[in-house]
file data.cif (mmCIF, C-alpha atoms)
data_target
loop_
_atom_site.label_atom_id
_atom_site.label_comp_id
_atom_site.auth_asym_id
_atom_site.auth_seq_id
_atom_site.Cartn_x
_atom_site.Cartn_y
_atom_site.Cartn_z
CA MET A 17 -32.55 -13.69 12.18
CA THR A 18 -31.52 -13.45 8.55
CA THR A 19 -30.50 -16.89 7.37
CA ALA A 20 -29.18 -17.90 3.98
CA LEU A 21 -32.74 -18.93 3.19
CA THR A 22 -34.01 -15.39 3.64
CA VAL A 23 -30.92 -13.85 2.08
CA ALA A 24 -31.27 -16.09 -0.95
CA ALA A 25 -34.98 -15.37 -1.17
CA LYS A 26 -34.42 -11.61 -1.17
CA PRO A 27 -34.77 -10.39 -4.72
CA GLY A 28 -33.56 -6.97 -3.54
CA ALA A 29 -29.77 -7.39 -3.37
CA GLY A 30 -29.33 -6.63 -7.07
CA ALA A 31 -31.69 -3.67 -6.75
CA ASP A 32 -29.79 -2.54 -3.63
CA LEU A 33 -26.57 -2.51 -5.60
CA LEU A 34 -28.19 -0.34 -8.24
CA ARG A 35 -29.60 2.01 -5.57
CA ILE A 36 -26.28 2.31 -3.79
CA VAL A 37 -24.55 3.08 -7.09
CA ARG A 38 -27.08 5.86 -7.70
CA ILE A 39 -26.57 7.21 -4.17
CA ASN A 40 -22.83 7.17 -4.82
CA GLU A 41 -23.29 9.18 -8.03
CA GLU A 42 -25.47 11.72 -6.21
CA ILE A 43 -22.94 12.07 -3.40
CA LYS A 44 -20.15 12.61 -5.95
CA LYS A 45 -22.19 15.51 -7.31
CA VAL A 46 -22.68 16.95 -3.81
CA VAL A 47 -18.93 16.62 -3.09
CA GLY A 48 -18.22 18.62 -6.26
CA VAL A 49 -20.69 21.32 -5.23
CA ALA A 50 -19.28 21.41 -1.68
CA PHE A 51 -15.89 22.19 -3.20
CA LYS A 52 -17.43 25.08 -5.14
CA ILE A 53 -18.91 26.43 -1.88
CA ASN A 54 -15.45 26.54 -0.33
CA ILE A 55 -14.17 28.81 -3.12
CA MET A 56 -17.31 30.95 -2.94
CA ALA A 57 -16.88 31.39 0.83
CA LEU A 58 -13.31 32.58 0.30
CA ASN A 59 -14.51 35.10 -2.29
CA ALA A 60 -17.20 36.30 0.13
CA ILE A 61 -14.58 36.83 2.85
CA PHE A 62 -12.40 38.93 0.50
CA LEU A 63 -15.41 40.94 -0.62
CA ALA A 64 -16.46 41.62 2.99
CA LYS A 65 -12.93 42.79 3.79
CA ARG A 66 -13.03 45.19 0.87
CA ALA A 67 -16.42 46.48 1.96
CA GLY A 68 -14.97 47.14 5.43
CA THR A 69 -17.34 48.53 8.07
CA ALA A 70 -20.24 48.53 5.63
CA ALA A 71 -20.22 44.71 5.65
CA LEU A 72 -19.26 43.73 9.18
CA GLY A 73 -22.26 41.42 9.61
CA PHE A 74 -21.71 39.91 6.19
CA GLY A 75 -18.04 39.30 7.11
CA VAL A 76 -19.02 37.30 10.20
CA LEU A 77 -21.46 35.23 8.16
CA SER A 78 -18.99 34.61 5.34
CA ASN A 79 -16.52 33.23 7.88
CA GLU A 80 -19.24 30.94 9.19
CA LEU A 81 -20.03 29.87 5.64
CA ARG A 82 -16.39 29.01 5.11
CA VAL A 83 -16.41 26.83 8.26
CA PHE A 84 -19.66 25.29 7.02
CA SER A 85 -18.14 24.44 3.64
CA GLN A 86 -15.16 22.76 5.28
CA ASP A 87 -17.42 20.76 7.61
CA LEU A 88 -19.54 19.79 4.62
CA ARG A 89 -16.48 18.43 2.78
CA THR A 90 -15.46 16.38 5.83
CA CYS A 91 -18.99 15.06 6.08
CA MET A 92 -18.99 14.13 2.37
CA THR A 93 -15.68 12.31 2.75
CA SER A 94 -17.10 10.10 5.49
CA LEU A 95 -20.30 9.57 3.44
CA THR A 96 -18.16 8.48 0.47
CA ALA A 97 -16.26 5.97 2.65
CA LEU A 98 -19.56 4.58 3.95
CA ILE A 99 -20.93 4.30 0.43
CA HIS A 100 -17.85 2.36 -0.69
CA GLY A 101 -18.33 0.03 2.27
CA CYS A 102 -21.99 -0.49 1.29
CA VAL A 103 -21.15 -1.19 -2.37
CA ASN A 104 -18.60 -3.78 -1.25
CA GLU A 105 -20.97 -5.44 1.21
CA VAL A 106 -23.90 -5.55 -1.22
CA SER A 107 -21.56 -7.22 -3.75
CA VAL A 108 -20.58 -9.79 -1.13
CA VAL A 109 -24.26 -10.46 -0.38
CA LEU A 110 -24.90 -10.94 -4.12
CA GLN A 111 -22.10 -13.50 -4.26
CA ASP A 112 -23.50 -15.18 -1.11
CA ILE A 113 -26.86 -15.52 -2.83
CA ARG A 114 -25.35 -17.27 -5.83
CA TYR A 115 -23.18 -19.64 -3.80
CA THR A 116 -26.03 -20.40 -1.40
CA ARG A 117 -28.37 -21.20 -4.28
CA LEU A 118 -25.84 -23.62 -5.77
CA LEU A 119 -24.96 -25.23 -2.42
CA ARG A 120 -28.65 -25.61 -1.55
CA ALA A 121 -29.26 -27.33 -4.88
CA ALA A 122 -26.31 -29.64 -4.14
CA ALA A 123 -27.66 -30.40 -0.65
CA THR A 124 -31.08 -31.20 -2.10
CA LEU A 125 -29.62 -33.54 -4.71
CA ALA A 126 -27.24 -35.18 -2.22
CA PRO A 127 -29.02 -34.96 1.16
CA ASP A 128 -26.64 -37.37 2.89
CA SER A 129 -23.49 -35.59 1.77
CA ALA A 130 -21.33 -32.94 3.42
CA ALA A 131 -23.27 -30.30 1.49
CA ALA A 132 -25.72 -29.74 4.36
CA SER A 133 -22.98 -28.84 6.85
CA VAL A 134 -21.15 -26.64 4.34
CA LEU A 135 -24.49 -24.94 3.61
CA ARG A 136 -24.91 -24.23 7.34
CA GLN A 137 -21.43 -22.66 7.46
CA ARG A 138 -22.32 -20.63 4.39
CA GLU A 139 -25.55 -19.50 6.13
CA GLN A 140 -23.56 -18.31 9.14
CA ALA A 141 -21.25 -16.32 6.86
CA ASN A 142 -24.31 -14.94 5.05
CA GLU A 143 -25.77 -13.86 8.38
CA ALA A 144 -22.55 -12.02 9.29
CA HIS A 145 -22.52 -10.28 5.90
CA ALA A 146 -26.21 -9.36 6.16
CA GLN A 147 -25.62 -7.86 9.63
CA GLN A 148 -22.61 -5.94 8.41
CA LEU A 149 -24.68 -4.51 5.55
CA ALA A 150 -27.52 -3.60 7.92
CA SER A 151 -25.04 -1.83 10.19
CA LEU A 152 -23.51 0.11 7.27
CA ARG A 153 -26.99 1.03 6.06
CA ARG A 154 -27.83 2.46 9.51
CA GLN A 155 -24.52 4.36 9.67
CA LEU A 156 -25.09 5.78 6.20
CA LYS A 157 -28.61 6.85 7.09
CA ARG A 158 -27.33 8.62 10.23
CA ALA A 159 -24.52 10.28 8.27
CA LEU A 160 -27.03 11.52 5.70
CA GLU A 161 -29.24 12.93 8.47
CA ASP A 162 -26.22 14.74 9.94
CA ALA A 163 -25.35 16.12 6.50
CA PHE A 164 -28.94 17.25 6.04
CA GLN A 165 -28.95 19.06 9.42
CA MET A 166 -25.68 20.74 8.48
CA VAL A 167 -27.09 21.88 5.15
CA GLU A 168 -30.17 23.29 6.92
CA LEU A 169 -27.78 25.42 8.97
CA GLY A 170 -25.94 26.41 5.78
CA GLY A 171 -29.28 27.52 4.32
CA VAL A 172 -29.98 29.74 7.34
CA LEU A 173 -26.48 31.27 7.05
CA ALA A 174 -26.95 31.93 3.34
CA LYS A 175 -30.33 33.58 3.91
CA SER A 176 -28.90 35.72 6.73
CA ALA A 177 -26.04 36.72 4.42
CA LYS A 178 -28.63 37.83 1.85
CA ILE A 179 -30.21 40.09 4.47
CA GLU A 180 -26.84 41.44 5.62
CA ALA A 181 -25.93 42.17 1.98
CA ALA A 182 -28.69 44.79 1.87
CA TYR A 183 -26.71 46.85 4.40
CA GLY A 184 -23.56 46.76 2.29
CA GLN A 185 -24.05 50.29 0.89
CA SER A 186 -22.04 50.58 -2.35
CA PHE A 187 -21.12 46.88 -2.09
CA ALA A 188 -24.75 45.80 -1.63
CA GLY A 189 -25.10 44.59 -5.23
CA SER A 190 -21.94 42.44 -5.17
CA LEU A 191 -22.72 41.08 -1.70
CA ALA A 192 -26.28 40.23 -2.76
CA GLN A 193 -24.97 38.38 -5.79
CA VAL A 194 -22.51 36.32 -3.73
CA SER A 195 -25.03 35.49 -1.01
CA GLY A 196 -27.66 34.65 -3.63
CA GLU A 197 -25.29 32.21 -5.35
CA PHE A 198 -24.51 30.72 -1.97
CA ASP A 199 -28.17 30.24 -1.21
CA GLY A 200 -28.73 28.61 -4.60
CA ILE A 201 -25.88 26.15 -4.09
CA VAL A 202 -27.02 25.21 -0.58
CA GLU A 203 -30.53 24.68 -1.93
CA GLU A 204 -29.10 22.40 -4.64
CA ILE A 205 -27.28 20.31 -2.03
CA ARG A 206 -30.38 20.16 0.12
CA THR A 207 -32.48 18.89 -2.79
CA SER A 208 -29.88 16.19 -3.52
CA LEU A 209 -29.72 15.07 0.12
CA GLU A 210 -33.52 15.09 0.35
CA SER A 211 -33.76 12.71 -2.59
CA LEU A 212 -31.06 10.50 -1.04
CA ARG A 213 -33.03 10.27 2.21
CA ARG A 214 -36.01 9.02 0.21
CA SER A 215 -33.96 6.30 -1.54
CA ALA A 216 -35.51 2.84 -1.34
CA PHE A 217 -32.14 1.66 -0.03
CA PHE A 218 -33.18 3.23 3.29
CA THR A 219 -36.93 3.03 3.15
CA GLY A 220 -37.01 -0.57 1.85
CA ARG A 221 -39.79 0.33 -0.59
CA MET B 1027 -28.38 -34.95 -11.59
CA LYS B 1028 -25.44 -36.31 -13.54
CA THR B 1029 -24.61 -39.97 -13.93
CA THR B 1030 -21.41 -41.56 -12.70
CA LYS B 1031 -19.76 -44.39 -14.63
CA THR B 1032 -16.68 -46.17 -13.37
CA ILE B 1033 -14.46 -46.55 -16.41
CA PHE B 1034 -11.50 -48.14 -14.63
CA GLN B 1035 -11.04 -49.85 -11.29
CA GLU B 1036 -8.19 -51.71 -9.68
CA GLY B 1037 -8.50 -51.76 -5.90
CA SER B 1038 -8.81 -48.19 -4.64
CA HIS B 1039 -7.47 -46.87 -7.95
CA LYS B 1040 -10.50 -45.72 -9.84
CA TRP B 1041 -11.56 -43.49 -12.72
CA VAL B 1042 -15.14 -42.26 -12.56
CA ALA B 1043 -16.73 -40.32 -15.40
CA ILE B 1044 -19.41 -37.83 -14.30
CA VAL B 1045 -21.54 -37.26 -17.34
CA ARG B 1046 -24.88 -36.28 -18.93
CA ASP B 1047 -27.33 -34.27 -16.91
CA PRO B 1048 -30.89 -34.51 -18.25
CA GLN B 1049 -31.86 -31.37 -16.28
CA ARG B 1050 -29.03 -29.27 -17.75
CA PRO B 1051 -30.40 -26.13 -19.43
CA ASN B 1052 -29.54 -26.29 -23.12
CA TYR B 1053 -27.83 -22.90 -23.10
CA LEU B 1054 -24.99 -24.47 -21.07
CA ILE B 1055 -22.53 -26.63 -22.97
CA ASP B 1056 -22.49 -30.22 -21.74
CA THR B 1057 -19.28 -31.20 -19.93
CA ASN B 1058 -17.67 -34.38 -18.67
CA GLU B 1059 -15.93 -34.38 -15.33
CA TYR B 1060 -13.59 -37.15 -14.19
CA LEU B 1061 -12.75 -38.26 -10.68
CA VAL B 1062 -9.54 -40.21 -10.12
CA THR B 1063 -9.16 -41.89 -6.74
CA HIS B 1064 -6.30 -43.76 -5.17
CA GLY B 1065 -6.00 -44.77 -1.53
CA ASP B 1066 -8.05 -42.26 0.40
CA GLN B 1067 -7.32 -39.38 -1.97
CA GLY B 1068 -9.12 -38.03 -4.99
CA ILE B 1069 -8.40 -35.58 -7.79
CA LEU B 1070 -11.17 -34.02 -9.85
CA LEU B 1071 -10.34 -33.26 -13.47
CA ASP B 1072 -11.97 -30.16 -14.98
CA PRO B 1073 -14.63 -29.83 -12.23
CA GLY B 1074 -16.94 -27.75 -14.45
CA GLY B 1075 -18.74 -24.45 -14.27
CA ALA B 1076 -20.44 -22.98 -11.20
CA GLU B 1077 -23.91 -23.54 -12.66
CA VAL B 1078 -23.37 -27.30 -13.04
CA PHE B 1079 -21.80 -27.61 -9.58
CA PRO B 1080 -24.92 -29.07 -7.86
CA ALA B 1081 -25.26 -31.79 -10.48
CA VAL B 1082 -21.55 -32.67 -10.42
CA PHE B 1083 -21.30 -32.48 -6.65
CA SER B 1084 -24.28 -34.71 -6.00
CA ALA B 1085 -23.10 -37.32 -8.48
CA LEU B 1086 -19.58 -37.26 -7.07
CA SER B 1087 -20.84 -37.49 -3.47
CA ALA B 1088 -22.50 -40.77 -4.28
CA GLU B 1089 -19.04 -42.18 -5.09
CA PHE B 1090 -16.60 -40.29 -2.91
CA ASP B 1091 -16.38 -37.95 0.07
CA PRO B 1092 -15.94 -34.49 -1.52
CA SER B 1093 -14.01 -33.24 1.51
CA ALA B 1094 -11.37 -35.91 0.73
CA LEU B 1095 -10.67 -34.35 -2.67
CA THR B 1096 -7.06 -33.28 -2.40
CA ALA B 1097 -6.75 -31.59 -5.75
CA ILE B 1098 -8.37 -30.24 -8.85
CA PHE B 1099 -6.70 -30.49 -12.24
CA ALA B 1100 -7.77 -27.70 -14.58
CA SER B 1101 -6.74 -28.37 -18.18
CA HIS B 1102 -7.07 -24.67 -18.96
CA GLN B 1103 -8.76 -21.47 -17.88
CA ASP B 1104 -12.24 -21.55 -19.40
CA PRO B 1105 -15.35 -21.01 -17.23
CA ASP B 1106 -16.81 -24.42 -18.13
CA ILE B 1107 -13.56 -25.93 -16.81
CA CYS B 1108 -13.31 -24.50 -13.32
CA SER B 1109 -15.59 -21.57 -12.50
CA SER B 1110 -16.96 -23.83 -9.72
CA LEU B 1111 -13.58 -23.72 -7.96
CA ALA B 1112 -14.72 -21.54 -5.03
CA LEU B 1113 -17.58 -23.92 -4.27
CA TRP B 1114 -15.31 -27.00 -4.19
CA LEU B 1115 -12.93 -25.13 -1.89
CA GLU B 1116 -15.77 -24.72 0.61
CA PHE B 1117 -15.54 -28.48 1.19
CA ASN B 1118 -11.79 -28.57 1.57
CA PRO B 1119 -10.01 -25.20 1.75
CA GLN B 1120 -6.65 -27.06 1.66
CA MET B 1121 -7.42 -28.43 -1.80
CA ARG B 1122 -4.82 -27.68 -4.47
CA CYS B 1123 -5.54 -26.65 -8.03
CA TYR B 1124 -3.09 -27.66 -10.76
CA ILE B 1125 -3.18 -25.24 -13.67
CA SER B 1126 -0.77 -23.95 -16.31
CA TRP B 1127 1.52 -21.26 -14.89
CA LEU B 1128 0.12 -19.07 -17.64
CA TRP B 1129 -3.27 -18.98 -15.91
CA SER B 1130 -2.22 -19.21 -12.28
CA SER B 1131 -2.95 -15.54 -11.66
CA PHE B 1132 -6.13 -15.51 -13.79
CA ILE B 1133 -7.92 -18.48 -12.25
CA PRO B 1134 -7.89 -16.97 -8.71
CA HIS B 1135 -10.67 -14.72 -10.05
CA PHE B 1136 -12.83 -17.86 -9.69
CA GLY B 1137 -11.69 -18.33 -6.07
CA GLY B 1138 -8.84 -19.72 -3.99
CA THR B 1139 -5.80 -18.19 -2.33
CA ALA B 1140 -2.09 -18.01 -3.16
CA GLU B 1141 -1.69 -21.43 -1.52
CA THR B 1142 -4.40 -23.05 -3.64
CA PHE B 1143 -2.58 -22.99 -6.96
CA VAL B 1144 0.17 -25.24 -8.19
CA PRO B 1145 1.43 -23.74 -11.45
CA ILE B 1146 2.35 -26.36 -14.06
CA PRO B 1147 5.46 -25.45 -16.09
CA ASP B 1148 5.20 -25.54 -19.90
CA GLU B 1149 6.97 -28.91 -20.12
CA GLY B 1150 4.46 -30.54 -17.77
CA MET B 1151 4.99 -32.22 -14.42
CA ASP B 1152 4.39 -35.35 -12.38
CA ILE B 1153 1.51 -35.33 -9.92
CA SER B 1154 1.29 -37.94 -7.19
CA LEU B 1155 -2.09 -39.06 -5.93
CA ALA B 1156 -1.40 -41.06 -2.76
CA GLY B 1157 1.58 -42.59 -4.56
CA LEU B 1158 -0.15 -43.04 -7.91
CA PRO B 1159 1.95 -41.33 -10.59
CA LEU B 1160 -0.02 -39.04 -12.89
CA GLN B 1161 1.54 -36.90 -15.61
CA ALA B 1162 0.44 -33.45 -16.74
CA LEU B 1163 1.28 -33.49 -20.46
CA PRO B 1164 1.59 -30.33 -22.58
CA ALA B 1165 -1.20 -29.71 -25.08
CA HIS B 1166 -0.60 -26.01 -25.59
CA TYR B 1167 -2.73 -24.17 -28.16
CA LEU B 1168 -5.18 -27.10 -28.18
CA HIS B 1169 -7.13 -24.97 -27.68
CA SER B 1170 -5.79 -22.79 -24.90
CA SER B 1171 -2.30 -21.29 -25.05
CA GLY B 1172 -1.55 -22.85 -21.65
CA ASN B 1173 -3.18 -26.27 -21.87
CA PHE B 1174 -2.53 -29.68 -20.31
CA ASN B 1175 -3.77 -33.25 -20.55
CA LEU B 1176 -3.46 -35.74 -17.69
CA TYR B 1177 -2.07 -39.23 -18.28
CA ASP B 1178 -2.41 -42.18 -15.96
CA LYS B 1179 0.04 -44.82 -17.18
CA VAL B 1180 -1.26 -47.43 -14.72
CA ALA B 1181 -4.85 -47.15 -15.89
CA LYS B 1182 -3.72 -46.30 -19.46
CA ILE B 1183 -6.13 -43.39 -19.57
CA LEU B 1184 -5.47 -39.99 -21.11
CA PHE B 1185 -7.72 -37.15 -20.00
CA SER B 1186 -7.49 -35.00 -23.13
CA GLY B 1187 -9.49 -31.88 -22.16
CA ASP B 1188 -10.92 -30.27 -25.29
CA VAL B 1189 -8.93 -32.52 -27.64
CA GLY B 1190 -11.31 -35.20 -28.89
CA ALA B 1191 -14.34 -33.17 -27.81
CA ALA B 1192 -17.56 -33.52 -29.78
CA LEU B 1193 -20.77 -31.52 -29.65
CA LEU B 1194 -23.25 -34.38 -29.75
CA PRO B 1195 -26.83 -33.90 -30.92
CA ALA B 1196 -29.68 -34.76 -28.58
CA GLY B 1197 -30.27 -38.47 -28.35
CA GLN B 1198 -26.71 -39.38 -29.37
CA ASP B 1199 -25.21 -39.17 -25.94
CA GLY B 1200 -23.63 -42.57 -25.31
CA LEU B 1201 -20.61 -42.57 -22.99
CA PHE B 1202 -18.33 -44.30 -25.50
CA VAL B 1203 -17.78 -43.73 -29.20
CA GLU B 1204 -19.57 -46.62 -30.91
CA ASP B 1205 -19.25 -45.66 -34.57
CA PHE B 1206 -16.11 -43.58 -35.15
CA ASP B 1207 -17.02 -42.30 -38.61
CA LYS B 1208 -20.44 -41.11 -37.46
CA HIS B 1209 -19.11 -39.66 -34.24
CA ILE B 1210 -16.21 -37.74 -35.74
CA ARG B 1211 -18.57 -35.57 -37.80
CA HIS B 1212 -19.66 -33.98 -34.51
CA ALA B 1213 -16.02 -33.34 -33.57
CA GLU B 1214 -14.78 -31.89 -36.86
CA GLY B 1215 -16.18 -28.35 -36.68
CA PHE B 1216 -15.14 -28.06 -33.04
CA HIS B 1217 -11.53 -29.02 -33.76
CA ARG B 1218 -11.20 -26.89 -36.90
CA ARG B 1219 -12.37 -23.80 -35.04
CA TRP B 1220 -11.16 -24.25 -31.46
CA MET B 1221 -7.71 -25.68 -32.18
CA GLY B 1222 -5.47 -22.84 -33.23
CA SER B 1223 -2.20 -24.35 -34.43
CA ASN B 1224 -1.38 -27.14 -36.93
CA GLU B 1225 2.17 -27.27 -35.55
CA ALA B 1226 0.94 -27.73 -31.97
CA LYS B 1227 -1.52 -30.36 -33.16
CA ARG B 1228 1.23 -32.33 -34.98
CA ARG B 1229 3.44 -32.27 -31.87
CA TRP B 1230 0.56 -33.47 -29.70
CA CYS B 1231 -0.19 -36.33 -32.09
CA GLU B 1232 3.46 -37.41 -32.05
CA ARG B 1233 3.63 -37.20 -28.26
CA VAL B 1234 0.49 -39.16 -27.47
CA SER B 1235 1.15 -41.78 -30.16
CA GLN B 1236 4.03 -42.94 -28.00
CA LEU B 1237 1.76 -43.50 -24.99
CA ASP B 1238 -0.06 -46.68 -24.14
CA ILE B 1239 -3.69 -45.52 -24.10
CA ASP B 1240 -6.82 -47.62 -23.62
CA LEU B 1241 -9.20 -44.71 -23.08
CA LEU B 1242 -8.98 -41.15 -24.38
CA CYS B 1243 -11.37 -39.06 -22.31
CA PRO B 1244 -12.39 -35.61 -23.56
CA GLN B 1245 -14.19 -32.92 -21.58
CA HIS B 1246 -17.14 -32.83 -24.02
CA GLY B 1247 -18.73 -35.70 -25.91
CA ALA B 1248 -17.88 -39.40 -25.82
CA ILE B 1249 -14.85 -41.43 -24.72
CA TYR B 1250 -12.63 -43.09 -27.36
CA ARG B 1251 -11.55 -46.62 -26.48
CA GLY B 1252 -9.42 -49.35 -27.97
CA ALA B 1253 -8.62 -48.88 -31.65
CA ASP B 1254 -10.67 -45.66 -31.77
CA VAL B 1255 -7.93 -43.94 -29.77
CA GLN B 1256 -5.33 -44.31 -32.53
CA ARG B 1257 -8.03 -43.72 -35.12
CA PHE B 1258 -8.74 -40.37 -33.48
CA ILE B 1259 -5.05 -39.43 -33.32
CA ASN B 1260 -4.63 -40.22 -37.03
CA TRP B 1261 -7.77 -38.30 -37.93
CA PHE B 1262 -6.66 -35.29 -35.89
CA ASP B 1263 -3.18 -35.44 -37.43
CA GLY B 1264 -4.68 -35.10 -40.89
CA LEU B 1265 -7.13 -32.33 -40.02
CA GLN B 1266 -6.36 -28.73 -40.97
CA VAL B 1267 -7.16 -26.62 -37.92
CA GLY B 1268 -7.26 -22.92 -37.06
CA ILE B 1269 -9.77 -22.26 -39.81
CA VAL B 1270 -12.86 -20.12 -39.78
CA LYS B 1271 -15.16 -19.48 -42.71
CA ALA B 1272 -15.42 -15.73 -42.56
#
call {"tool": "encode", "arguments": {"input": "data.cif", "output": "structure tokens"}}
result
Amino acid sequence: MTTALTVAAKPGAGADLLRIVRINEEIKKVVGVAFKINIMALNAIFLAKRAGTAALGFGVLSNELRVFSQDLRTCMTSLTALIHGCVNEVSVVLQDIRYTRLLRAAATLAPDSAAASVLRQREQANEAHAQQLASLRRQLKRALEDAFQMVELGGVLAKSAKIEAAYGQSFAGSLAQVSGEFDGIVEEIRTSLESLRRSAFFTGR
Amino acid sequence: MKTTKTIFQEGSHKWVAIVRDPQRPNYLIDTNEYLVTHGDQGILLDPGGAEVFPAVFSALSAEFDPSALTAIFASHQDPDICSSLALWLEFNPQMRCYISWLWSSFIPHFGGTAETFVPIPDEGMDISLAGLPLQALPAHYLHSSGNFNLYDKVAKILFSGDVGAALLPAGQDGLFVEDFDKHIRHAEGFHRRWMGSNEAKRRWCERVSQLDIDLLCPQHGAIYRGADVQRFINWFDGLQVGIVKA
């Protein structure tokens, strides 16, 4: 059980706030990139249409990439909401720590006063906040894993599109360029998500 | 832990000064808090900053049940006045906080809900403490633009907030002013800089000169009593304020 004693003793709440702010910044970057992917997927679809029968396979993949980019945006929206929840809860825990420290000092100085019972109430509230934060942390970790799996799939699609581009005859050069850019962007997102998974906010290190 | 000194008592009607904390870190300005009790109710005047809460709370608890505090009177909005508000509310969430209307939407940043705050109009108001009449008297621009003193005509005590405050050197921390001329040197710089308006100061001096005051209790420094009260008012009346050497 996490009591006010353990919450107050944790030096990590301030560091957690910093970590969660960094995660938020990284996710904002990924959201921006995900938006770019959506536009790129549209361009790929138009290009495949122009290429006609020479790019049938590429056309199928570009449609899949478009679906992927939309799913990625939805995923990023829910990640952003979770991050905001975490920032709020870490801030509440920081406030708990300060109030608990001051109430504990009051209870020590006035052991026969009402401070002890108010401190107990505060500890119960702290416990609820700590559990809420732990729950949000787990949800965020799961959401990041889901996003990572999705991006792995996006990587496979982009690589397949690169292969299909080779069969694009006179459009092969343009298709290769589009699929190559796609692959680069997906790789960028994957690197970002990989670093987020390693954040001390999740690992506790 | 701070010390409590009863400076007035008549039955359950009591004024308790909560002063001087030897453990206070010297980067925090020293503050005086005052508890007024009557019947089974209590009002805490300028309860102090969050960091001095343990010291104030423990001293107050020795005298009075903190959950029976019905109100807080905040002379103005500064952090050393009432940044401890949220902690006091943990003991009695029904507690009211009297504060200038000017600050009634600023102070909730320290804690409380819409029901907590009783905005004091510019002209002041009467506050009843279990039937004891207290008066919130205007002291605007001394130093805050929405600033009040609290007068108890029964006890003949004026809580004057920052007016009369002195930044006392270590070792000169008696509760009462003993040598006015020596003491006032520690008040002069504070008043010249913190008090912003000579006109507001003149009006305050006129207003409080008409009151019957035995004790003038500031939020910092020592308490003026007897003839030193009028001596302070005269001194303040003659002082040019709102001055900075820059």
call {"tool": "residues_around", "arguments": {"input": "data.cif", "residues": "B:Gly1190", "least_positions_apart": "2", "cutoff": "7 Å", "atoms": "all atoms listed in the file", "output": "PyMOL selection string"}}
result
chain B and resi 1186+1188+1192+1213+1244
call {"tool": "interface_residues", "arguments": {"input": "data.cif", "of": "chain B", "to": "chain A", "cutoff": "8 Å", "atoms": "all atoms listed in the file", "output": "list in words"}}
result
Met1027, Ala1076, Glu1077, Phe1079, Pro1080, Ala1081, Phe1083, Ser1084, Ala1085, Ser1087, Ala1088, Asp1091, Pro1092, Ser1093, Leu1113, Glu1116 and Phe1117 of chain B
call {"tool": "resolve_selection", "arguments": {"input": "data.cif", "expression": "the PyMOL selection byres ((chain A and resi 44) around 12)", "output": "JSON, numbers by chain"}}
result
{"A": [37, 38, 39, 40, 41, 42, 43, 45, 46, 47, 48, 49, 50, 51, 89, 92, 93, 95, 96, 97, 99, 100, 205, 208, 209]}
call {"tool": "atom_distance", "arguments": {"input": "data.cif", "atom1": "atom CA of B:Trp1129", "atom2": "atom CA of B:Ser1223"}}
result
19.3 Å
call {"tool": "residues_near_point", "arguments": {"input": "data.cif", "point": "(-14.5, -38.6, -19.2)", "cutoff": "10 Å", "atoms": "all atoms listed in the file", "output": "VMD selection string"}}
result
chain B and resid 1030 to 1033 1041 to 1045 1057 to 1061 1071 to 1072 1183 to 1187 1201 to 1202 1241 to 1250
call {"tool": "atom_distance", "arguments": {"input": "data.cif", "atom1": "atom CA of A:Glu143", "atom2": "atom CA of A:Glu105"}}
result
12.1 Å
call {"tool": "closest_residue", "arguments": {"input": "data.cif", "among": "B:Ile1210, B:Leu1168, B:Leu1194, B:Ala1181", "to": "B:Gly1268", "atoms": "only C-alpha atoms"}}
result
B:Leu1168
call {"tool": "atom_distance", "arguments": {"input": "data.cif", "atom1": "atom CA of B:Ala1112", "atom2": "atom CA of B:Gly1068"}}
result
17.4 Å
call {"tool": "residues_around", "arguments": {"input": "data.cif", "residues": "A:Val202", "least_positions_apart": "4", "cutoff": "12 Å", "atoms": "all atoms listed in the file", "output": "number ranges by chain"}}
result
A: 46, 49-54, 56-57, 81, 84-85, 88, 163-175, 195-198, 206-209
call {"tool": "resolve_selection", "arguments": {"input": "data.cif", "expression": "the PyMOL selection byres ((chain B and resi 1253) around 10)", "output": "compact mmCIF listing (two decimals) with C-alpha atoms, in the frame of the given file"}}
result
# COMPACT_ATOMS: atom_id res chain seq x y z
CA PHE B 1206 -16.11 -43.58 -35.15
CA ILE B 1239 -3.69 -45.52 -24.10
CA ASP B 1240 -6.82 -47.62 -23.62
CA LEU B 1241 -9.20 -44.71 -23.08
CA TYR B 1250 -12.63 -43.09 -27.36
CA ARG B 1251 -11.55 -46.62 -26.48
CA GLY B 1252 -9.42 -49.35 -27.97
CA ASP B 1254 -10.67 -45.66 -31.77
CA VAL B 1255 -7.93 -43.94 -29.77
CA GLN B 1256 -5.33 -44.31 -32.53
CA ARG B 1257 -8.03 -43.72 -35.12
CA PHE B 1258 -8.74 -40.37 -33.48
call {"tool": "residues_around", "arguments": {"input": "data.cif", "residues": "B:Ser1110", "least_positions_apart": "3", "cutoff": "9 Å", "atoms": "all atoms listed in the file", "output": "PyMOL selection string"}}
result
chain B and resi 1073-1079+1105-1107+1113-1115+1136-1137
call {"tool": "residues_around", "arguments": {"input": "data.cif", "residues": "B:Leu1163", "least_positions_apart": "5", "cutoff": "12 Å", "atoms": "only C-alpha atoms", "output": "PyMOL selection string"}}
result
chain B and resi 1099+1101+1125-1126+1146-1153+1168+1172-1179+1184-1187+1229-1230+1233-1234+1237
call {"tool": "closest_residue", "arguments": {"input": "data.cif", "among": "A:Val83, A:Ser190, A:Ala29, A:Leu160", "to": "A:Leu110", "atoms": "all atoms listed in the file"}}
result
A:Ala29
call {"tool": "closest_residue", "arguments": {"input": "data.cif", "among": "A:Val106, A:Ala71, A:Ile61, A:Leu212", "to": "A:Glu161", "atoms": "only C-alpha atoms"}}
result
A:Leu212
